[in-house]
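As provided, model.tsv (TSV, C-alpha atoms and all ligand atoms) reads as follows.
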```tsv
chain	number	residue	atom	x	y	z
A	1344	MET	CA	-98.09	186.92	1.11
A	1345	TRP	CA	-97.77	183.80	-1.03
A	1346	ARG	CA	-95.62	180.79	-0.28
A	1347	ILE	CA	-95.99	177.70	-2.42
A	1348	LYS	CA	-95.58	174.61	-0.28
A	1349	GLU	CA	-93.05	172.02	-1.31
A	1350	GLU	CA	-94.47	168.81	-2.62
A	1351	LYS	CA	-92.31	165.73	-3.04
A	1352	PRO	CA	-91.59	165.25	-6.75
A	1353	SER	CA	-93.06	161.74	-6.81
A	1354	THR	CA	-96.35	162.91	-5.23
A	1355	MET	CA	-96.54	165.76	-7.68
A	1356	ILE	CA	-96.00	163.51	-10.67
A	1357	ASP	CA	-98.71	161.20	-9.41
A	1358	ARG	CA	-101.21	163.94	-8.56
A	1359	TYR	CA	-101.02	165.61	-11.95
A	1360	SER	CA	-100.10	162.56	-14.09
A	1361	ARG	CA	-103.37	162.45	-16.09
A	1362	GLN	CA	-103.07	166.13	-16.85
A	1363	THR	CA	-99.41	166.14	-17.86
A	1364	LEU	CA	-100.10	163.19	-20.18
A	1365	PHE	CA	-102.33	165.57	-22.12
A	1366	GLY	CA	-100.14	167.06	-24.87
A	1367	GLY	CA	-101.51	170.58	-24.45
A	1368	ILE	CA	-100.11	170.75	-20.92
A	1369	GLY	CA	-97.19	168.34	-20.45
A	1370	GLU	CA	-94.62	168.68	-17.67
A	1371	GLU	CA	-93.56	172.16	-18.72
A	1372	GLY	CA	-97.18	173.32	-18.71
A	1373	GLN	CA	-97.64	171.82	-15.25
A	1374	ARG	CA	-94.64	173.78	-13.98
A	1375	ARG	CA	-96.11	176.95	-15.43
A	1376	LEU	CA	-99.44	176.29	-13.72
A	1377	GLY	CA	-97.60	175.83	-10.43
A	1378	ASN	CA	-95.93	179.21	-10.85
A	1379	SER	CA	-99.16	181.02	-11.71
A	1380	CYS	CA	-101.48	183.21	-9.69
A	1381	VAL	CA	-105.17	183.57	-10.54
A	1382	VAL	CA	-107.84	185.72	-8.96
A	1383	ILE	CA	-111.44	184.54	-9.07
A	1384	ILE	CA	-113.95	187.34	-8.49
A	1385	GLY	CA	-117.31	186.01	-7.34
A	1386	CYS	CA	-117.73	182.57	-5.82
A	1387	GLY	CA	-121.19	181.39	-6.80
A	1388	ALA	CA	-121.89	178.58	-9.27
A	1389	LEU	CA	-119.24	179.73	-11.78
A	1390	GLY	CA	-116.69	180.65	-9.14
A	1391	THR	CA	-116.93	177.34	-7.28
A	1392	ILE	CA	-116.50	175.32	-10.49
A	1393	ILE	CA	-113.54	177.46	-11.53
A	1394	ALA	CA	-111.89	177.44	-8.10
A	1395	THR	CA	-112.19	173.70	-7.54
A	1396	SER	CA	-110.88	172.91	-11.05
A	1397	LEU	CA	-107.88	175.25	-10.85
A	1398	VAL	CA	-106.85	174.17	-7.35
A	1399	ARG	CA	-107.09	170.51	-8.44
A	1400	ALA	CA	-105.10	171.35	-11.60
A	1401	GLY	CA	-102.23	172.66	-9.45
A	1402	VAL	CA	-102.38	176.41	-10.12
A	1403	GLY	CA	-99.88	177.70	-7.55
A	1404	LYS	CA	-101.89	180.58	-6.09
A	1405	VAL	CA	-105.65	180.91	-6.17
A	1406	ARG	CA	-107.28	183.97	-4.61
A	1407	ILE	CA	-111.06	183.91	-4.26
A	1408	VAL	CA	-112.97	187.13	-3.61
A	1409	ASP	CA	-116.66	187.19	-2.67
A	1410	ARG	CA	-118.89	189.37	-0.48
A	1411	ASP	CA	-121.72	186.93	0.33
A	1412	PHE	CA	-122.66	184.32	2.91
A	1413	ILE	CA	-123.91	180.89	1.88
A	1414	GLU	CA	-127.67	180.39	1.73
A	1415	CYS	CA	-129.65	177.19	1.36
A	1416	HIS	CA	-130.72	177.97	-2.21
A	1417	ASN	CA	-127.04	178.17	-3.25
A	1418	LEU	CA	-126.46	174.43	-2.67
A	1419	GLN	CA	-128.38	173.42	-5.81
A	1420	ARG	CA	-125.47	174.60	-7.98
A	1421	GLN	CA	-122.56	175.97	-5.93
A	1422	VAL	CA	-120.49	172.80	-5.75
A	1423	LEU	CA	-117.98	173.75	-3.07
A	1424	PHE	CA	-120.46	174.34	-0.25
A	1425	ASP	CA	-122.44	172.10	2.10
A	1426	GLU	CA	-125.04	172.31	4.87
A	1427	ASP	CA	-122.37	172.61	7.57
A	1428	ASP	CA	-121.14	175.83	5.95
A	1429	ILE	CA	-124.64	177.27	6.32
A	1430	ARG	CA	-124.92	176.10	9.96
A	1431	ASN	CA	-121.50	177.67	10.65
A	1432	GLU	CA	-122.60	180.89	8.92
A	1433	LEU	CA	-119.49	181.01	6.76
A	1434	PRO	CA	-118.87	183.57	4.03
A	1435	LYS	CA	-118.43	181.92	0.63
A	1436	ALA	CA	-114.78	182.96	0.28
A	1437	ILE	CA	-113.85	181.43	3.63
A	1438	ALA	CA	-115.79	178.18	3.08
A	1439	ALA	CA	-114.21	177.85	-0.37
A	1440	GLU	CA	-110.72	178.35	1.08
A	1441	ARG	CA	-111.31	175.74	3.81
A	1442	HIS	CA	-112.65	173.10	1.44
A	1443	LEU	CA	-110.00	173.68	-1.20
A	1444	LYS	CA	-107.09	173.52	1.26
A	1445	LYS	CA	-108.19	169.95	1.98
A	1446	VAL	CA	-108.32	169.16	-1.73
A	1447	ASN	CA	-104.79	170.30	-2.52
A	1448	SER	CA	-102.44	171.33	0.28
A	1449	SER	CA	-99.55	171.90	-2.12
A	1450	VAL	CA	-101.02	175.12	-3.54
A	1451	GLU	CA	-101.87	178.41	-1.87
A	1452	VAL	CA	-105.57	179.23	-1.54
A	1453	GLU	CA	-106.68	182.58	-0.17
A	1454	GLY	CA	-110.31	183.52	0.45
A	1455	ILE	CA	-111.05	187.23	0.78
A	1456	VAL	CA	-114.46	188.49	1.94
A	1457	ALA	CA	-114.91	191.79	0.14
A	1458	ASP	CA	-117.31	193.79	-1.97
A	1459	VAL	CA	-115.25	194.45	-5.11
A	1460	ASN	CA	-115.46	198.07	-6.21
A	1461	TYR	CA	-113.33	200.74	-7.87
A	1462	THR	CA	-111.57	201.63	-4.63
A	1463	ASN	CA	-110.21	198.15	-3.89
A	1464	ILE	CA	-110.02	196.15	-7.13
A	1465	GLU	CA	-106.42	197.09	-7.98
A	1466	LYS	CA	-105.25	195.78	-4.62
A	1467	LEU	CA	-107.33	192.61	-4.91
A	1468	ILE	CA	-105.84	191.66	-8.29
A	1469	SER	CA	-102.23	192.50	-7.42
A	1470	GLY	CA	-99.84	189.79	-8.56
A	1471	ALA	CA	-102.44	188.07	-10.76
A	1472	ASP	CA	-101.53	186.46	-14.08
A	1473	LEU	CA	-105.21	186.03	-14.89
A	1474	ILE	CA	-108.62	187.14	-13.60
A	1475	LEU	CA	-111.68	184.91	-13.79
A	1476	ASP	CA	-115.21	186.23	-13.69
A	1477	GLY	CA	-117.61	184.40	-11.38
A	1478	LEU	CA	-119.87	187.42	-11.01
A	1479	ASP	CA	-123.58	188.04	-11.15
A	1480	ASN	CA	-123.52	191.67	-12.33
A	1481	PHE	CA	-122.34	193.82	-15.21
A	1482	GLU	CA	-121.04	196.72	-13.18
A	1483	THR	CA	-118.21	194.71	-11.62
A	1484	ARG	CA	-117.42	193.09	-15.00
A	1485	PHE	CA	-116.84	196.54	-16.49
A	1486	LEU	CA	-114.57	197.24	-13.56
A	1487	ILE	CA	-112.60	194.01	-14.18
A	1488	ASN	CA	-112.40	194.98	-17.86
A	1489	ASP	CA	-110.87	198.37	-16.99
A	1490	VAL	CA	-108.37	196.97	-14.53
A	1491	SER	CA	-107.44	194.14	-16.89
A	1492	ILE	CA	-106.62	196.50	-19.76
A	1493	LYS	CA	-104.86	199.01	-17.51
A	1494	HIS	CA	-102.61	196.37	-15.92
A	1495	LYS	CA	-102.38	194.09	-19.01
A	1496	ILE	CA	-103.85	191.08	-17.20
A	1497	PRO	CA	-106.08	188.77	-19.28
A	1498	TRP	CA	-109.52	187.89	-17.98
A	1499	VAL	CA	-112.22	185.41	-18.87
A	1500	TYR	CA	-115.81	186.62	-18.82
A	1501	GLY	CA	-118.49	184.11	-17.85
A	1502	GLY	CA	-122.18	184.52	-17.17
A	1503	ALA	CA	-125.06	182.09	-16.75
A	1504	ILE	CA	-128.76	182.48	-16.12
A	1505	SER	CA	-131.79	180.28	-16.60
A	1506	SER	CA	-130.58	177.56	-19.03
A	1507	ALA	CA	-128.20	179.86	-20.94
A	1508	GLY	CA	-124.63	181.06	-20.62
A	1509	TRP	CA	-121.92	183.14	-22.28
A	1510	THR	CA	-118.16	183.33	-22.14
A	1511	MET	CA	-115.43	185.32	-23.85
A	1512	THR	CA	-111.69	185.66	-23.28
A	1513	ILE	CA	-110.18	189.12	-23.16
A	1514	ILE	CA	-106.46	189.53	-23.83
A	1515	PRO	CA	-105.68	193.23	-23.26
A	1516	HIS	CA	-104.57	195.16	-26.36
A	1517	GLU	CA	-105.10	192.06	-28.52
A	1518	THR	CA	-108.69	190.85	-28.51
A	1519	PRO	CA	-111.82	193.02	-28.39
A	1520	CYS	CA	-112.68	193.84	-24.78
A	1521	PHE	CA	-115.89	193.49	-22.80
A	1522	ARG	CA	-116.91	197.08	-23.55
A	1523	CYS	CA	-116.37	196.41	-27.26
A	1524	LEU	CA	-118.92	193.63	-26.78
A	1525	SER	CA	-121.31	195.62	-24.60
A	1526	PRO	CA	-120.58	199.37	-24.52
A	1527	THR	CA	-123.01	200.12	-21.69
A	1528	ILE	CA	-124.67	198.23	-18.90
A	1529	PRO	CA	-127.72	196.61	-20.48
A	1530	TYR	CA	-130.93	198.04	-19.12
A	1531	PRO	CA	-133.72	197.46	-18.22
A	1532	GLN	CA	-132.32	194.34	-16.69
A	1533	VAL	CA	-135.36	192.76	-15.18
A	1534	ASN	CA	-135.16	189.00	-15.67
A	1535	LEU	CA	-131.40	189.21	-15.84
A	1536	THR	CA	-130.43	187.93	-12.42
A	1537	CYS	CA	-130.47	184.33	-11.15
A	1538	ASP	CA	-132.56	185.55	-8.22
A	1539	THR	CA	-135.38	186.62	-10.50
A	1540	ALA	CA	-135.10	184.35	-13.56
A	1541	GLY	CA	-133.63	181.26	-11.88
A	1542	VAL	CA	-130.81	179.06	-13.15
A	1543	ILE	CA	-130.21	175.35	-13.66
A	1544	SER	CA	-126.79	173.96	-12.78
A	1545	PRO	CA	-125.61	172.69	-16.21
A	1546	ALA	CA	-125.53	176.25	-17.59
A	1547	PRO	CA	-122.94	177.59	-15.09
A	1548	PHE	CA	-121.14	174.21	-14.99
A	1549	ILE	CA	-120.47	174.31	-18.73
A	1550	ILE	CA	-119.59	178.00	-18.82
A	1551	GLY	CA	-117.33	177.64	-15.74
A	1552	SER	CA	-115.61	174.66	-17.38
A	1553	LEU	CA	-115.04	176.59	-20.61
A	1554	GLN	CA	-113.53	179.39	-18.51
A	1555	VAL	CA	-111.22	176.86	-16.85
A	1556	ALA	CA	-110.09	175.54	-20.24
A	1557	GLU	CA	-109.27	179.10	-21.29
A	1558	ALA	CA	-107.42	179.65	-18.02
A	1559	LEU	CA	-105.28	176.55	-18.56
A	1560	LYS	CA	-104.42	177.63	-22.12
A	1561	ILE	CA	-103.48	181.15	-21.04
A	1562	LEU	CA	-101.41	179.99	-18.06
A	1563	VAL	CA	-99.42	177.36	-20.00
A	1564	GLY	CA	-98.87	179.85	-22.84
A	1565	ALA	CA	-100.92	178.06	-25.53
A	1566	LYS	CA	-101.67	181.38	-27.22
A	1567	GLU	CA	-102.90	180.04	-30.55
A	1568	GLU	CA	-105.49	177.88	-28.86
A	1569	ILE	CA	-107.17	180.72	-26.97
A	1570	ASN	CA	-110.82	181.23	-27.94
A	1571	ARG	CA	-111.40	184.66	-29.47
A	1572	ASP	CA	-115.16	184.43	-29.99
A	1573	LEU	CA	-118.14	185.04	-27.77
A	1574	ILE	CA	-119.51	181.58	-27.00
A	1575	SER	CA	-123.20	181.29	-26.21
A	1576	ILE	CA	-124.84	178.11	-24.95
A	1577	ASN	CA	-128.34	177.00	-24.05
A	1578	VAL	CA	-128.37	173.65	-22.27
A	1579	TRP	CA	-132.15	173.22	-22.50
A	1580	GLU	CA	-132.02	173.61	-26.28
A	1581	GLY	CA	-128.67	171.83	-26.63
A	1582	ALA	CA	-127.37	174.91	-28.48
A	1583	PHE	CA	-123.74	176.02	-28.73
A	1584	HIS	CA	-122.81	179.05	-30.87
A	1585	HIS	CA	-119.69	181.08	-31.66
A	1586	PHE	CA	-119.97	184.79	-32.48
A	1587	LYS	CA	-117.13	186.86	-33.95
A	1588	ILE	CA	-116.71	190.08	-31.99
A	1589	SER	CA	-114.97	193.14	-33.44
A	1590	HIS	CA	-113.00	195.94	-31.83
A	1591	ARG	CA	-115.28	198.94	-31.37
A	1592	PRO	CA	-113.40	202.03	-32.61
A	1593	ASP	CA	-115.02	204.26	-29.97
A	1594	CYS	CA	-114.53	201.83	-27.06
A	1595	PRO	CA	-113.42	203.98	-24.08
A	1596	ALA	CA	-111.59	201.12	-22.32
A	1597	CYS	CA	-109.54	200.21	-25.41
A	1598	GLN	CA	-108.59	203.89	-25.67
A	1599	GLY	CA	-107.32	203.95	-22.10
A	1600	LYS	CA	-110.36	205.66	-20.56
A	1601	TYR	CA	-111.13	203.60	-17.49
A	1602	GLU	CA	-114.49	205.11	-16.56
A	1603	PHE	CA	-115.56	202.36	-14.18
A	1604	LEU	CA	-112.18	202.19	-12.46
A	1605	GLU	CA	-112.29	205.95	-12.01
A	1606	GLY	CA	-115.65	205.54	-10.29
A	1607	LYS	CA	-117.59	207.56	-12.87
A	1608	PHE	CA	-120.32	204.96	-13.19
A	1609	GLY	CA	-121.90	202.35	-11.04
A	1610	LEU	CA	-123.82	202.00	-7.83
A	1611	ARG	CA	-123.47	204.62	-5.10
A	1612	THR	CA	-124.65	203.86	-1.62
A	1613	THR	CA	-125.38	206.21	1.26
A	1614	SER	CA	-126.42	205.18	4.73
A	1615	LEU	CA	-129.47	207.25	5.71
A	1616	CYS	CA	-128.67	208.45	9.19
A	1617	GLY	CA	-131.24	207.68	11.85
A	1618	GLN	CA	-133.47	205.73	9.45
A	1619	ASN	CA	-131.68	202.36	9.51
A	1620	ALA	CA	-131.80	202.37	5.71
A	1621	VAL	CA	-129.39	202.67	2.79
A	1622	GLN	CA	-130.00	204.57	-0.43
A	1623	VAL	CA	-128.65	203.00	-3.61
A	1624	LEU	CA	-128.13	205.28	-6.61
A	1625	ASN	CA	-127.50	203.79	-10.03
A	1626	THR	CA	-125.53	206.40	-11.95
A	1627	LYS	CA	-125.77	204.53	-15.24
A	1628	VAL	CA	-129.53	204.29	-15.46
A	1629	GLY	CA	-132.16	206.45	-17.07
A	1630	GLU	CA	-135.86	205.94	-16.43
A	1631	PHE	CA	-137.11	202.42	-16.54
A	1632	SER	CA	-140.44	200.74	-16.18
A	1633	LEU	CA	-141.54	200.07	-12.62
A	1634	LYS	CA	-144.40	198.06	-14.08
A	1635	GLU	CA	-142.01	195.71	-15.86
A	1636	LEU	CA	-139.88	195.34	-12.75
A	1637	ALA	CA	-143.01	194.66	-10.68
A	1638	ALA	CA	-144.12	191.86	-13.00
A	1639	CYS	CA	-140.75	190.22	-12.55
A	1640	LEU	CA	-140.40	190.65	-8.78
A	1641	LYS	CA	-143.99	189.52	-8.11
A	1642	VAL	CA	-142.96	185.95	-8.80
A	1643	ILE	CA	-140.52	185.86	-5.89
A	1644	GLY	CA	-141.80	188.32	-3.26
A	1645	GLN	CA	-144.50	190.78	-2.29
A	1646	VAL	CA	-144.89	193.81	-4.54
A	1647	THR	CA	-147.02	196.93	-4.45
A	1648	CYS	CA	-146.52	199.43	-7.23
A	1649	ASN	CA	-147.84	202.70	-8.63
A	1650	GLU	CA	-146.30	205.12	-11.14
A	1651	PHE	CA	-144.15	206.79	-8.46
A	1652	MET	CA	-142.65	203.88	-6.54
A	1653	LEU	CA	-142.46	200.13	-6.16
A	1654	ARG	CA	-142.34	198.48	-2.76
A	1655	PHE	CA	-140.75	195.01	-2.76
A	1656	THR	CA	-140.59	192.71	0.27
A	1657	ILE	CA	-138.73	189.41	0.33
A	1658	ASP	CA	-137.82	187.44	3.48
A	1659	SER	CA	-137.16	190.16	6.06
A	1660	HIS	CA	-135.91	192.69	3.51
A	1661	GLU	CA	-137.80	195.64	2.10
A	1662	MET	CA	-136.83	197.89	-0.79
A	1663	VAL	CA	-138.52	200.92	-2.25
A	1664	ILE	CA	-137.58	201.56	-5.88
A	1665	PHE	CA	-138.15	204.78	-7.85
A	1666	PRO	CA	-138.52	205.35	-11.62
A	1667	ASP	CA	-134.97	206.76	-11.92
A	1668	GLY	CA	-133.49	203.45	-10.68
A	1669	ARG	CA	-132.83	204.77	-7.18
A	1670	ALA	CA	-133.71	202.45	-4.29
A	1671	ILE	CA	-133.97	202.64	-0.53
A	1672	VAL	CA	-133.13	199.40	1.25
A	1673	LYS	CA	-134.81	199.35	4.65
A	1674	ASN	CA	-133.85	197.74	7.98
A	1675	THR	CA	-130.10	197.85	7.38
A	1676	ALA	CA	-127.25	200.32	7.75
A	1677	ASP	CA	-124.82	198.01	5.91
A	1678	GLU	CA	-124.02	199.64	2.55
A	1679	SER	CA	-122.35	196.56	1.11
A	1680	PHE	CA	-125.38	194.45	1.99
A	1681	ALA	CA	-127.69	197.00	0.35
A	1682	ARG	CA	-125.60	197.01	-2.85
A	1683	GLY	CA	-125.78	193.23	-2.86
A	1684	LEU	CA	-129.55	193.23	-2.53
A	1685	TYR	CA	-129.90	195.80	-5.31
A	1686	THR	CA	-127.64	193.77	-7.61
A	1687	LYS	CA	-129.57	190.61	-6.84
A	1688	TYR	CA	-133.08	191.81	-7.48
A	1689	ILE	CA	-132.80	194.85	-9.74
A	1690	GLY	CA	-129.51	194.14	-11.48
A	1691	ALA	CA	-126.45	196.34	-11.94
B	1701	ZN	ZN	-112.78	197.66	-26.03
```

Can I see the file as C-alpha cells?
Amino acid sequence: MWRIKEEKPSTMIDRYSRQTLFGGIGEEGQRRLGNSCVVIIGCGALGTIIATSLVRAGVGKVRIVDRDFIECHNLQRQVLFDEDDIRNELPKAIAAERHLKKVNSSVEVEGIVADVNYTNIEKLISGADLILDGLDNFETRFLINDVSIKHKIPWVYGGAISSAGWTMTIIPHETPCFRCLSPTIPYPQVNLTCDTAGVISPAPFIIGSLQVAEALKILVGAKEEINRDLISINVWEGAFHHFKISHRPDCPACQGKYEFLEGKFGLRTTSLCGQNAVQVLNTKVGEFSLKELAACLKVIGQVTCNEFMLRFTIDSHEMVIFPDGRAIVKNTADESFARGLYTKYIGA
C-alpha cells in the first residue's frame, strides 16, 4: 500500500537541514523518520497539529483516521482545515490528506474515513511503528491501549479541553499503560467534552506539540529521552506539572486481558427499524444524574428533563437520554453518526 517517493538527495538535505542540525535527530535520525510509519487516530485540534508536524518532519508514512466532517466551529483550532473544505463538504481525513500532500510530496499521506472500533482497529494500525492519539473520547483510547500492548506498538496519549491538557507516552511492557493511569472510563463525564466545556487553541497546540516531540524521540530511537510521566498543563494558569505514574498490579491490559479490543465494553448502537432512530447503549455506565447532564447541556442546546428522561435538541438533532446512560438519537439511521453525537455531548 505504501510507496515512499524518491526525493533528490540535495532537496532532502535542504528540506530537513534545520532538523538534522539538531543533535537529537541528525542525519541518521532523519533516515529513521523517513523509514517510519505512524497512525494518527482522530484529526481534530490535536490530530491536525500532530499530522502537519510529522509530515513536515519527513516521517515516511502518515495514516490519518477520522470519522467526522469539518464544521465551521472546528476552524478556531483545527489548523489543517479552511472554509473551502467546509464548502466542499470534505471529511477531515480527506481534507488533511489533500493539504498535507501539498506540504510534502516526498512522504506518503493516507486519509481514512472510519469510525474506529474494536472490529477494525487492528487493520487500521497495521504496519505502524507508533500510534498517536488525537481523540475526543476515552472509549477509543482504551481500545488503542489494548491494541498497542497486544501488538507491542508504542502510543502517545493526548487530551485537551477548556484551557487544560494531558499527555503520557505508553511503551508496551515497559511503562505503565493508560489503564494503569485510569482503570475505568471516568463517569459521570458531563463537562468533559470540547462540545460542552469548550476549548481554547493553545491547550491542544501545546499537548499536540508535546506528543510530536515524543513521536520524534521514539522514531529516532532516543529511548532515554522519552517522557515517562503524566504531563498536565493549564495554559490559562500558566501551569505545567509532571506526575509519576505507577504500574497497577491488577491492570487487565498489562496482564494481557484486552477487554476493549474484545468488545466487552463500550458503546453499542442499534438502528431502530422503522423509527429513523438509533439506540446507543453504554455498557460501561451505571446510573448517572440526568439533572447534572441537563445543567451542562442547557448551555449549548434545548433541554427538557424529568427523573425518567432528558430530551436534548441541538441544531437539527434530537436525543433522548435515560438514567442508565442509554440514548435514542432521532432523525437518523446512521449508527456511526449516532455514536459520534453521543460521544460529543454525553461523553464515552
Ligand atoms: Zn496497565

Note to self: Distance limit 7 Å, reference ligand ZN 1701 (chain B), atoms considered: all atoms listed in the file. Which residues make the cut? Give them as number ranges by chain.
What the structure shows: A: 1519-1523, 1590-1591, 1594-1597

With all atoms listed in the file as the atoms that count, which of A:Ser1589, A:Phe1651, A:Glu1440, A:Ile1384 lies nearest to Leu1467 (chain A)?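 Nearest to Leu1467 (chain A): A:Ile1384.
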
Closest of A:Asp1409, A:Asp1538, A:Glu1465, A:Glu1414 to Ile1657 (chain A), counting all atoms listed in the file, is A:Asp1538

Find the residues of region 1426-1477 of chain A that sit at most 10 Å from region 1388-1406 of chain A; for each, write down the nearest two atoms and how far apart they are in Å, to one decimal. Count all atoms listed in the file. Sort by chain, then by number going up, and give it as CSV.
```
residue,atom,partner,partner_atom,distance
A:Lys1435,CA,A:Thr1391,CA,9.3
A:Ala1436,CA,A:Arg1406,CA,9.0
A:Ala1439,CA,A:Thr1391,CA,7.4
A:Glu1440,CA,A:Arg1406,CA,8.7
A:His1442,CA,A:Thr1395,CA,9.0
A:Leu1443,CA,A:Thr1395,CA,6.7
A:Lys1444,CA,A:Val1398,CA,8.6
A:Val1446,CA,A:Arg1399,CA,7.0
A:Asn1447,CA,A:Arg1399,CA,6.4
A:Ser1448,CA,A:Val1398,CA,9.3
A:Ser1449,CA,A:Gly1401,CA,7.8
A:Val1450,CA,A:Gly1403,CA,4.9
A:Glu1451,CA,A:Lys1404,CA,4.7
A:Val1452,CA,A:Val1405,CA,4.9
A:Glu1453,CA,A:Arg1406,CA,4.7
A:Gly1454,CA,A:Arg1406,CA,5.9
A:Ile1455,CA,A:Arg1406,CA,7.3
A:Leu1467,CA,A:Arg1406,CA,8.6
A:Ile1468,CA,A:Arg1406,CA,8.6
A:Gly1470,CA,A:Lys1404,CA,9.8
A:Ala1471,CA,A:Arg1406,CA,8.8
A:Asp1472,CA,A:Lys1404,CA,9.9
A:Ile1474,CA,A:Arg1406,CA,9.6
A:Leu1475,CA,A:Ile1393,CA,8.0
A:Asp1476,CA,A:Gly1390,CA,7.4
A:Gly1477,CA,A:Gly1390,CA,4.5
```

Using all atoms listed in the file, the best pick from A:Ile1569, A:Ile1664, A:Val1563, A:Tyr1359 as closest to Val1646 (chain A) would be A:Ile1664

Excluding same-chain residues fewer than 5 positions from Ser1544 (chain A), what lies within 9 Å of it counting all atoms listed in the file, as a PDB file with C-alpha atoms, in the coordinates of the input?
```pdb
ATOM      1  CA  ALA A1388    -121.890 178.580  -9.270  1.00  0.00           C
ATOM      2  CA  GLN A1419    -128.380 173.420  -5.810  1.00  0.00           C
ATOM      3  CA  ARG A1420    -125.470 174.600  -7.980  1.00  0.00           C
ATOM      4  CA  GLN A1421    -122.560 175.970  -5.930  1.00  0.00           C
ATOM      5  CA  SER A1505    -131.790 180.280 -16.600  1.00  0.00           C
ATOM      6  CA  SER A1506    -130.580 177.560 -19.030  1.00  0.00           C
ATOM      7  CA  ILE A1549    -120.470 174.310 -18.730  1.00  0.00           C
TER       8      ILE A1549
END
```

From CA of Ala1558 (chain A) to CA of Lys1493 (chain A) the spacing works out at 19.5 Å

Residue among A:Leu1418, A:Val1663, A:Ile1643, A:Val1623 lying closest to Ile1543 (chain A), counting only C-alpha atoms: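 Counting only C-alpha atoms, the residue closest to Ile1543 (chain A) is A:Leu1418.
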
Which one is closest to Ala1438 (chain A): A:Val1422, A:Ala1676, A:Ala1507, A:Leu1684? Count all atoms listed in the file.
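So, comparing all the options, the nearest one is A:Val1422.
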
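Coordinates place CA of Ala1503 (chain A) at a distance of 22.4 Å from CA of Val1456 (chain A).
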
Check your understanding: So how far away is CA of Leu1524 (chain A) from CA of Leu1559 (chain A), in Å?
Key ->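 Computing it gives 23.4 Å between the two atoms.
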
Filled-in N, CA, C and O atoms of region 1435-1448 of chain A, supplied as a PDB file, in the frame of the given file:
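Now in part_10.pdb:
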```pdb
ATOM      1  N   LYS A1435    -118.802 182.834   1.719  1.00  0.00           N
ATOM      2  CA  LYS A1435    -118.430 181.920   0.630  1.00  0.00           C
ATOM      3  C   LYS A1435    -116.907 181.821   0.456  1.00  0.00           C
ATOM      4  O   LYS A1435    -116.362 180.736   0.250  1.00  0.00           O
ATOM      5  N   ALA A1436    -116.228 182.967   0.524  1.00  0.00           N
ATOM      6  CA  ALA A1436    -114.780 182.960   0.280  1.00  0.00           C
ATOM      7  C   ALA A1436    -114.041 182.114   1.315  1.00  0.00           C
ATOM      8  O   ALA A1436    -113.078 181.413   0.985  1.00  0.00           O
ATOM      9  N   ILE A1437    -114.512 182.177   2.551  1.00  0.00           N
ATOM     10  CA  ILE A1437    -113.850 181.430   3.630  1.00  0.00           C
ATOM     11  C   ILE A1437    -114.167 179.927   3.508  1.00  0.00           C
ATOM     12  O   ILE A1437    -113.277 179.077   3.633  1.00  0.00           O
ATOM     13  N   ALA A1438    -115.430 179.596   3.248  1.00  0.00           N
ATOM     14  CA  ALA A1438    -115.790 178.180   3.080  1.00  0.00           C
ATOM     15  C   ALA A1438    -115.028 177.583   1.905  1.00  0.00           C
ATOM     16  O   ALA A1438    -114.503 176.463   1.997  1.00  0.00           O
ATOM     17  N   ALA A1439    -114.930 178.335   0.809  1.00  0.00           N
ATOM     18  CA  ALA A1439    -114.210 177.850  -0.370  1.00  0.00           C
ATOM     19  C   ALA A1439    -112.747 177.586  -0.017  1.00  0.00           C
ATOM     20  O   ALA A1439    -112.191 176.532  -0.344  1.00  0.00           O
ATOM     21  N   GLU A1440    -112.128 178.526   0.691  1.00  0.00           N
ATOM     22  CA  GLU A1440    -110.720 178.350   1.080  1.00  0.00           C
ATOM     23  C   GLU A1440    -110.548 177.093   1.936  1.00  0.00           C
ATOM     24  O   GLU A1440    -109.657 176.283   1.683  1.00  0.00           O
ATOM     25  N   ARG A1441    -111.429 176.914   2.916  1.00  0.00           N
ATOM     26  CA  ARG A1441    -111.310 175.740   3.810  1.00  0.00           C
ATOM     27  C   ARG A1441    -111.454 174.431   3.050  1.00  0.00           C
ATOM     28  O   ARG A1441    -110.683 173.500   3.250  1.00  0.00           O
ATOM     29  N   HIS A1442    -112.436 174.348   2.195  1.00  0.00           N
ATOM     30  CA  HIS A1442    -112.650 173.100   1.440  1.00  0.00           C
ATOM     31  C   HIS A1442    -111.477 172.828   0.500  1.00  0.00           C
ATOM     32  O   HIS A1442    -111.002 171.702   0.401  1.00  0.00           O
ATOM     33  N   LEU A1443    -111.023 173.878  -0.176  1.00  0.00           N
ATOM     34  CA  LEU A1443    -110.000 173.680  -1.200  1.00  0.00           C
ATOM     35  C   LEU A1443    -108.627 173.361  -0.607  1.00  0.00           C
ATOM     36  O   LEU A1443    -107.825 172.667  -1.223  1.00  0.00           O
ATOM     37  N   LYS A1444    -108.372 173.853   0.609  1.00  0.00           N
ATOM     38  CA  LYS A1444    -107.090 173.520   1.260  1.00  0.00           C
ATOM     39  C   LYS A1444    -107.012 172.019   1.545  1.00  0.00           C
ATOM     40  O   LYS A1444    -105.937 171.451   1.611  1.00  0.00           O
ATOM     41  N   LYS A1445    -108.179 171.405   1.753  1.00  0.00           N
ATOM     42  CA  LYS A1445    -108.190 169.950   1.980  1.00  0.00           C
ATOM     43  C   LYS A1445    -108.029 169.192   0.664  1.00  0.00           C
ATOM     44  O   LYS A1445    -107.594 168.052   0.652  1.00  0.00           O
ATOM     45  N   VAL A1446    -108.421 169.815  -0.420  1.00  0.00           N
ATOM     46  CA  VAL A1446    -108.320 169.160  -1.730  1.00  0.00           C
ATOM     47  C   VAL A1446    -106.874 169.127  -2.212  1.00  0.00           C
ATOM     48  O   VAL A1446    -106.399 168.121  -2.723  1.00  0.00           O
ATOM     49  N   ASN A1447    -106.165 170.228  -2.037  1.00  0.00           N
ATOM     50  CA  ASN A1447    -104.790 170.300  -2.520  1.00  0.00           C
ATOM     51  C   ASN A1447    -103.977 171.198  -1.587  1.00  0.00           C
ATOM     52  O   ASN A1447    -104.034 172.426  -1.679  1.00  0.00           O
ATOM     53  N   SER A1448    -103.211 170.554  -0.703  1.00  0.00           N
ATOM     54  CA  SER A1448    -102.440 171.330   0.280  1.00  0.00           C
ATOM     55  C   SER A1448    -101.133 171.846  -0.298  1.00  0.00           C
ATOM     56  O   SER A1448    -100.396 172.561   0.361  1.00  0.00           O
TER      57      SER A1448
END
```
